[in-house]
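Peer 1: As input, take start_8.pdb (PDB, C-alpha atoms):
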MODEL        1
ATOM      1  CA  MET A  23      76.789 139.543  16.672
ATOM      2  CA  ILE A  24      76.420 135.764  16.619
ATOM      3  CA  HIS A  25      75.053 134.490  13.337
ATOM      4  CA  ARG A  26      71.627 132.837  13.498
ATOM      5  CA  ARG A  27      72.885 129.884  11.423
ATOM      6  CA  ALA A  28      75.630 129.228  13.977
ATOM      7  CA  LEU A  29      73.153 129.298  16.856
ATOM      8  CA  LEU A  30      70.762 126.868  15.268
ATOM      9  CA  GLY A  31      73.677 124.768  14.068
ATOM     10  CA  GLY A  32      74.954 124.553  17.632
ATOM     11  CA  LEU A  33      71.633 123.084  18.692
ATOM     12  CA  ALA A  34      71.070 120.852  15.697
ATOM     13  CA  LEU A  35      71.950 117.370  16.889
ATOM     14  CA  ALA A  36      72.021 115.955  13.337
ATOM     15  CA  ALA A  37      74.479 113.794  11.463
ATOM     16  CA  LEU A  38      75.359 112.981   7.876
ATOM     17  CA  LEU A  39      75.058 109.264   7.421
ATOM     18  CA  PRO A  40      78.258 108.158   5.659
ATOM     19  CA  GLY A  41      77.397 104.456   5.552
ATOM     20  CA  ALA A  42      74.576 102.566   3.957
ATOM     21  CA  PRO A  43      71.233 102.646   5.825
ATOM     22  CA  GLY A  44      70.616  99.439   7.686
ATOM     23  CA  ALA A  45      74.283  98.377   7.661
ATOM     24  CA  ALA A  46      75.166  95.935  10.423
ATOM     25  CA  VAL A  47      76.828  97.434  13.490
ATOM     26  CA  PRO A  48      79.828  95.521  14.939
ATOM     27  CA  PRO A  49      79.110  93.989  18.377
ATOM     28  CA  ASP A  50      81.502  96.310  20.259
ATOM     29  CA  GLU A  51      79.914  99.378  18.635
ATOM     30  CA  ALA A  52      76.435  97.996  19.346
ATOM     31  CA  ALA A  53      77.308  97.744  23.037
ATOM     32  CA  LEU A  54      78.484 101.368  23.099
ATOM     33  CA  LEU A  55      75.325 102.495  21.311
ATOM     34  CA  GLU A  56      73.190 100.675  23.867
ATOM     35  CA  GLU A  57      75.089 102.420  26.661
ATOM     36  CA  ILE A  58      74.618 105.831  25.011
ATOM     37  CA  GLU A  59      70.929 105.150  24.445
ATOM     38  CA  ARG A  60      70.502 104.083  28.061
ATOM     39  CA  TYR A  61      72.335 107.208  29.283
ATOM     40  CA  LEU A  62      70.154 109.548  27.215
ATOM     41  CA  ASN A  63      66.936 107.809  28.256
ATOM     42  CA  ASN A  64      67.902 108.079  31.917
ATOM     43  CA  ILE A  65      68.092 111.866  31.652
ATOM     44  CA  THR A  66      64.927 113.508  32.934
ATOM     45  CA  THR A  67      66.380 116.976  33.530
ATOM     46  CA  LEU A  68      69.776 118.512  32.810
ATOM     47  CA  LYS A  69      71.471 121.847  33.249
ATOM     48  CA  ALA A  70      74.961 122.974  32.324
ATOM     49  CA  ARG A  71      77.096 125.966  31.457
ATOM     50  CA  PHE A  72      77.887 126.021  27.763
ATOM     51  CA  THR A  73      80.450 127.627  25.507
ATOM     52  CA  GLN A  74      79.550 127.870  21.850
ATOM     53  CA  ILE A  75      82.258 128.373  19.238
ATOM     54  CA  ALA A  76      80.964 129.604  15.888
ATOM     55  CA  PRO A  77      82.621 128.802  12.537
ATOM     56  CA  SER A  78      84.207 132.264  12.641
ATOM     57  CA  GLY A  79      85.795 131.475  16.006
ATOM     58  CA  GLU A  80      83.409 133.833  17.795
ATOM     59  CA  MET A  81      82.445 132.540  21.238
ATOM     60  CA  ALA A  82      79.266 132.813  23.278
ATOM     61  CA  THR A  83      78.424 131.435  26.714
ATOM     62  CA  GLY A  84      75.311 130.793  28.729
ATOM     63  CA  MET A  85      73.149 128.229  30.504
ATOM     64  CA  LEU A  86      71.473 125.170  29.024
ATOM     65  CA  TYR A  87      68.337 123.690  30.598
ATOM     66  CA  LEU A  88      66.762 120.476  29.313
ATOM     67  CA  GLN A  89      63.745 118.495  30.405
ATOM     68  CA  ARG A  90      62.660 115.360  28.600
ATOM     69  CA  PRO A  91      60.428 114.949  26.787
ATOM     70  CA  GLY A  92      60.304 117.967  24.520
ATOM     71  CA  ARG A  93      61.695 120.900  26.506
ATOM     72  CA  LEU A  94      64.938 122.823  26.274
ATOM     73  CA  ARG A  95      66.238 126.345  26.824
ATOM     74  CA  PHE A  96      69.487 128.051  25.821
ATOM     75  CA  ASP A  97      69.988 131.295  27.789
ATOM     76  CA  TYR A  98      72.846 133.292  26.282
ATOM     77  CA  ASP A  99      74.891 135.573  28.528
ATOM     78  CA  PRO A 100      74.945 139.334  27.837
ATOM     79  CA  PRO A 101      75.665 141.124  25.620
ATOM     80  CA  SER A 102      73.894 138.520  23.474
ATOM     81  CA  LYS A 103      70.150 139.040  23.172
ATOM     82  CA  ILE A 104      69.444 135.553  21.875
ATOM     83  CA  LEU A 105      67.091 133.011  23.426
ATOM     84  CA  LEU A 106      66.207 129.551  22.143
ATOM     85  CA  ILE A 107      63.358 127.526  23.643
ATOM     86  CA  ALA A 108      61.998 124.119  22.719
ATOM     87  CA  THR A 109      58.568 123.760  24.242
ATOM     88  CA  ASP A 110      56.013 121.119  23.329
ATOM     89  CA  TRP A 111      55.962 120.863  19.534
ATOM     90  CA  ARG A 112      58.081 123.857  18.560
ATOM     91  CA  LEU A 113      61.575 125.304  18.606
ATOM     92  CA  VAL A 114      61.521 129.080  19.083
ATOM     93  CA  PHE A 115      64.433 131.375  18.194
ATOM     94  CA  VAL A 116      64.241 134.911  19.649
ATOM     95  CA  ASP A 117      66.682 137.671  18.710
ATOM     96  CA  SER A 118      65.772 140.759  20.704
ATOM     97  CA  SER A 119      68.524 142.808  19.052
ATOM     98  CA  ILE A 120      66.538 142.852  15.798
ATOM     99  CA  ARG A 121      63.118 142.063  17.302
ATOM    100  CA  GLN A 122      62.712 138.817  15.414
ATOM    101  CA  VAL A 123      61.017 135.549  16.370
ATOM    102  CA  ASN A 124      61.256 132.353  14.296
ATOM    103  CA  THR A 125      59.409 129.121  15.055
ATOM    104  CA  LEU A 126      60.072 125.659  13.673
ATOM    105  CA  PRO A 127      58.188 122.425  14.414
ATOM    106  CA  LEU A 128      60.386 120.367  16.721
ATOM    107  CA  ALA A 129      59.621 117.227  14.736
ATOM    108  CA  GLU A 130      61.230 118.849  11.685
ATOM    109  CA  THR A 131      64.512 119.527  13.492
ATOM    110  CA  PRO A 132      67.324 117.059  14.119
ATOM    111  CA  LEU A 133      67.240 118.267  17.718
ATOM    112  CA  GLY A 134      63.942 116.489  18.210
ATOM    113  CA  PHE A 135      65.293 112.967  18.670
ATOM    114  CA  ILE A 136      67.200 113.721  21.871
ATOM    115  CA  LEU A 137      64.045 115.284  23.337
ATOM    116  CA  ASP A 138      61.842 112.341  22.371
ATOM    117  CA  ARG A 139      60.034 110.513  25.141
ATOM    118  CA  GLN A 140      62.129 107.467  24.276
ATOM    119  CA  VAL A 141      65.436 107.648  22.394
ATOM    120  CA  ARG A 142      65.761 104.596  20.154
ATOM    121  CA  LEU A 143      68.849 104.552  17.985
ATOM    122  CA  GLY A 144      67.966 102.544  14.913
ATOM    123  CA  ASP A 145      64.262 103.440  15.067
ATOM    124  CA  GLY A 146      64.155 106.344  12.625
ATOM    125  CA  ILE A 147      67.618 107.356  13.879
ATOM    126  CA  GLU A 148      70.737 105.982  12.218
ATOM    127  CA  ALA A 149      74.034 105.788  14.126
ATOM    128  CA  VAL A 150      77.430 105.314  12.481
ATOM    129  CA  ASP A 151      81.130 105.910  13.100
ATOM    130  CA  VAL A 152      81.094 105.017  16.791
ATOM    131  CA  ARG A 153      84.558 105.586  18.249
ATOM    132  CA  SER A 154      86.098 105.018  21.650
ATOM    133  CA  GLY A 155      89.449 106.261  22.931
ATOM    134  CA  GLY A 156      91.135 108.558  25.403
ATOM    135  CA  GLY A 157      88.358 108.026  27.939
ATOM    136  CA  GLU A 158      85.712 109.257  25.494
ATOM    137  CA  VAL A 159      83.043 107.815  23.213
ATOM    138  CA  ALA A 160      82.088 109.679  20.028
ATOM    139  CA  VAL A 161      79.020 108.874  17.926
ATOM    140  CA  SER A 162      77.378 110.306  14.812
ATOM    141  CA  VAL A 163      73.604 110.054  14.364
ATOM    142  CA  ALA A 164      71.079 111.012  11.688
ATOM    143  CA  ARG A 165      67.356 110.960  11.196
ATOM    144  CA  SER A 166      66.652 108.519   8.403
ATOM    145  CA  GLY A 167      66.335 110.350   5.096
ATOM    146  CA  GLN A 168      67.300 113.731   6.588
ATOM    147  CA  ALA A 169      71.064 113.769   6.119
ATOM    148  CA  GLU A 170      70.797 117.176   4.428
ATOM    149  CA  GLN A 171      70.177 118.726   7.849
ATOM    150  CA  GLY A 172      73.898 118.492   8.592
ATOM    151  CA  GLN A 173      76.253 116.338  10.604
ATOM    152  CA  VAL A 174      77.178 116.150  14.263
ATOM    153  CA  THR A 175      79.546 114.226  16.454
ATOM    154  CA  LEU A 176      78.448 113.803  20.072
ATOM    155  CA  TYR A 177      81.224 113.271  22.606
ATOM    156  CA  PHE A 178      80.679 111.481  25.910
ATOM    157  CA  ALA A 179      83.000 110.836  28.834
ATOM    158  CA  LYS A 180      83.188 107.055  29.117
ATOM    159  CA  ALA A 181      83.430 106.259  32.836
ATOM    160  CA  PRO A 182      81.019 107.395  34.041
ATOM    161  CA  MET A 183      79.232 108.259  30.835
ATOM    162  CA  GLU A 184      78.413 111.961  30.506
ATOM    163  CA  LEU A 185      77.695 114.225  27.558
ATOM    164  CA  ARG A 186      80.618 116.625  27.134
ATOM    165  CA  ARG A 187      80.185 118.423  23.809
ATOM    166  CA  TRP A 188      79.006 118.197  20.231
ATOM    167  CA  ALA A 189      80.412 119.497  16.948
ATOM    168  CA  VAL A 190      78.036 120.259  14.082
ATOM    169  CA  THR A 191      79.029 120.569  10.432
ATOM    170  CA  ASP A 192      76.373 122.222   8.289
ATOM    171  CA  ALA A 193      75.682 121.705   4.591
ATOM    172  CA  GLN A 194      78.287 124.358   3.746
ATOM    173  CA  GLY A 195      80.974 122.599   5.783
ATOM    174  CA  LEU A 196      80.927 125.186   8.590
ATOM    175  CA  VAL A 197      81.536 123.749  12.064
ATOM    176  CA  THR A 198      79.907 124.945  15.294
ATOM    177  CA  THR A 199      81.019 123.428  18.591
ATOM    178  CA  VAL A 200      79.141 123.451  21.896
ATOM    179  CA  ILE A 201      81.096 122.519  25.038
ATOM    180  CA  LEU A 202      79.279 121.660  28.278
ATOM    181  CA  GLU A 203      80.636 122.284  31.780
ATOM    182  CA  GLU A 204      79.287 121.931  35.327
ATOM    183  CA  LEU A 205      76.722 119.476  33.997
ATOM    184  CA  GLN A 206      74.068 118.283  36.457
ATOM    185  CA  THR A 207      71.121 115.947  35.965
ATOM    186  CA  GLY A 208      68.019 114.897  37.855
ATOM    187  CA  MET A 209      67.232 118.229  39.503
ATOM    188  CA  LYS A 210      63.852 119.957  39.612
ATOM    189  CA  LEU A 211      63.634 122.753  37.064
ATOM    190  CA  ASP A 212      61.330 125.764  37.192
ATOM    191  CA  GLN A 213      58.706 125.184  34.494
ATOM    192  CA  LYS A 214      58.736 128.901  33.719
ATOM    193  CA  LEU A 215      62.059 128.261  31.953
ATOM    194  CA  PHE A 216      60.162 126.502  29.173
ATOM    195  CA  ARG A 217      57.271 128.940  28.929
ATOM    196  CA  PHE A 218      57.455 131.118  25.843
ATOM    197  CA  ARG A 219      55.955 134.601  26.143
ATOM    198  CA  ASP A 220      55.857 136.058  22.663
ATOM    199  CA  PRO A 221      57.560 139.472  22.870
ATOM    200  CA  GLU A 222      55.500 140.635  19.930
ATOM    201  CA  ILE A 223      52.476 140.291  22.231
ATOM    202  CA  PHE A 224      53.920 140.869  25.716
ATOM    203  CA  GLY A 225      56.599 143.400  24.776
ATOM    204  CA  TRP A 226      60.301 143.292  23.991
ATOM    205  CA  PRO A 227      62.860 143.579  26.810
ATOM    206  CA  GLU A 228      64.280 147.038  27.498
ATOM    207  CA  GLY A 229      67.807 147.942  26.434
TER
ENDMDL
END
The structure given in the file should be rewritten as structure tokens.

Peer 2:
Amino acid sequence: MIHRRALLGGLALAALLPGAPGAAVPPDEAALLEEIERYLNNITTLKARFTQIAPSGEMATGMLYLQRPGRLRFDYDPPSKILLIATDWRLVFVDSSIRQVNTLPLAETPLGFILDRQVRLGDGIEAVDVRSGGGEVAVSVARSGQAEQGQVTLYFAKAPMELRRWAVTDAQGLVTTVILEELQTGMKLDQKLFRFRDPEIFGWPEG
């Protein structure tokens, strides 16, 4: 069974800030950051197949749906019975295999910044270690004062820019990687995808 920490780690778009807060960003890095910011802000909806690789090497697959601002859904393929939904102010983790639901305010998660109405790197979000090479751009980001939430590197194809994957390192040094494939943006998504029906009220799925 996939560990809950790995699942949440795979979603946690956080970063450990290795440099000093407020340090000047070189002009070439600043240009890349502006391009990344523009790309993220231009996303209204997104869907993609994902493969998640846990620290143990265990793999899980499924579909990712995202709608900005504030909405996201990770549907894991069987035999997994995991569902993660970000809707409005909360991130909900459902594990039907053990009949457990956990809820966390979205504003308290590092995931929140990418679902903000407006992504502003440098406005409560620090970005460091911007790298470019091999047709990719990699960037690390962190909410100011929340480095303890872990670290992530986001990888983008450079031309045209497209989010490809992210790798999260948690406080224990464990790495979870999420790889995106068949990524599409700008489509209309069924709003039922982001509607959470509490199984403790409406019933748990059979099987």

Peer 1: So, with only C-alpha atoms as the atoms that count, which of A:Arg142, A:Arg219, A:Lys180, A:Arg187 lies closest to Ser154 of chain A?

Peer 2: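 Closest candidate: A:Lys180.
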
Peer 1: What do you get, as a ChimeraX atom specification, if you spell out every residue that the PyMOL selection byres ((chain A and resi 125) around 8) selects here?

Peer 2: /A:112-115,123-124,126-127

Peer 1: Which residues come within 10 Å of Val159 of chain A, counting only C-alpha atoms, excluding same-chain residues fewer than 5 positions away, as a PyMOL selection string?

Peer 2: chain A and resi 54-55+58+152-154+175-181+183-186

Peer 1: Env of segment 203-211 of chain A: 8 Å cut, atoms = only C-alpha atoms, seq-sep filter 4 positions within chain, self excluded. Answer as a list in words.

Peer 2: Ile65, Thr66, Thr67, Leu68, Lys69, Ala70, Arg71, Phe72, Gln89, Arg186 and Leu215 of chain A

Peer 1: Might you spell out which residues the PyMOL selection byres ((chain A and resi 190) around 6) would select in the displayed file, as a list of chain:residue names?

Peer 2: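 Selected by the PyMOL selection byres ((chain A and resi 190) around 6) in this file: A:Gln173, A:Val174, A:Ala189, A:Thr191, A:Val197, A:Thr198.
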
Peer 1: Written as a ChimeraX atom specification, which residues does the PyMOL selection byres ((chain A and resi 110) around 8) give for the file shown?

Peer 2: /A:92-93,108-109,111-112,128

Peer 1: Between atom CA of Gly157 of chain A and atom CA of Thr83 of chain A, what is the spacing in Å?

Peer 2: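 Going from atom CA of Thr83 of chain A over to atom CA of Gly157 of chain A, I get 25.5 Å.
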
Peer 1: In Å, with one decimal, what is the gap from atom CA of Glu59 of chain A to atom CA of Val141 of chain A?

Peer 2: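 Atom-to-atom, atom CA of Glu59 of chain A to atom CA of Val141 of chain A, that is 6.4 Å.
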
Peer 1: As lines of an AutoDock Vina configuration file, please report the centre and edge lengths, rounded to one decimal in Å, of the axis-aligned box that holds all listed atoms of segment 82-100 of chain A with 8 Å of padding on each of the six sides.

Peer 2:
center_x = 69.8
center_y = 127.1
center_z = 26.9
size_x = 35.0
size_y = 40.4
size_z = 23.3

Peer 1: Which of these residues is nearest to Phe135 of chain A, using all atoms listed in the file: A:Glu158, A:Gly195, A:Ser119, A:Asn63?

Peer 2: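 Ranking A:Glu158, A:Gly195, A:Ser119, A:Asn63 by distance to Phe135 of chain A, first place goes to A:Asn63.
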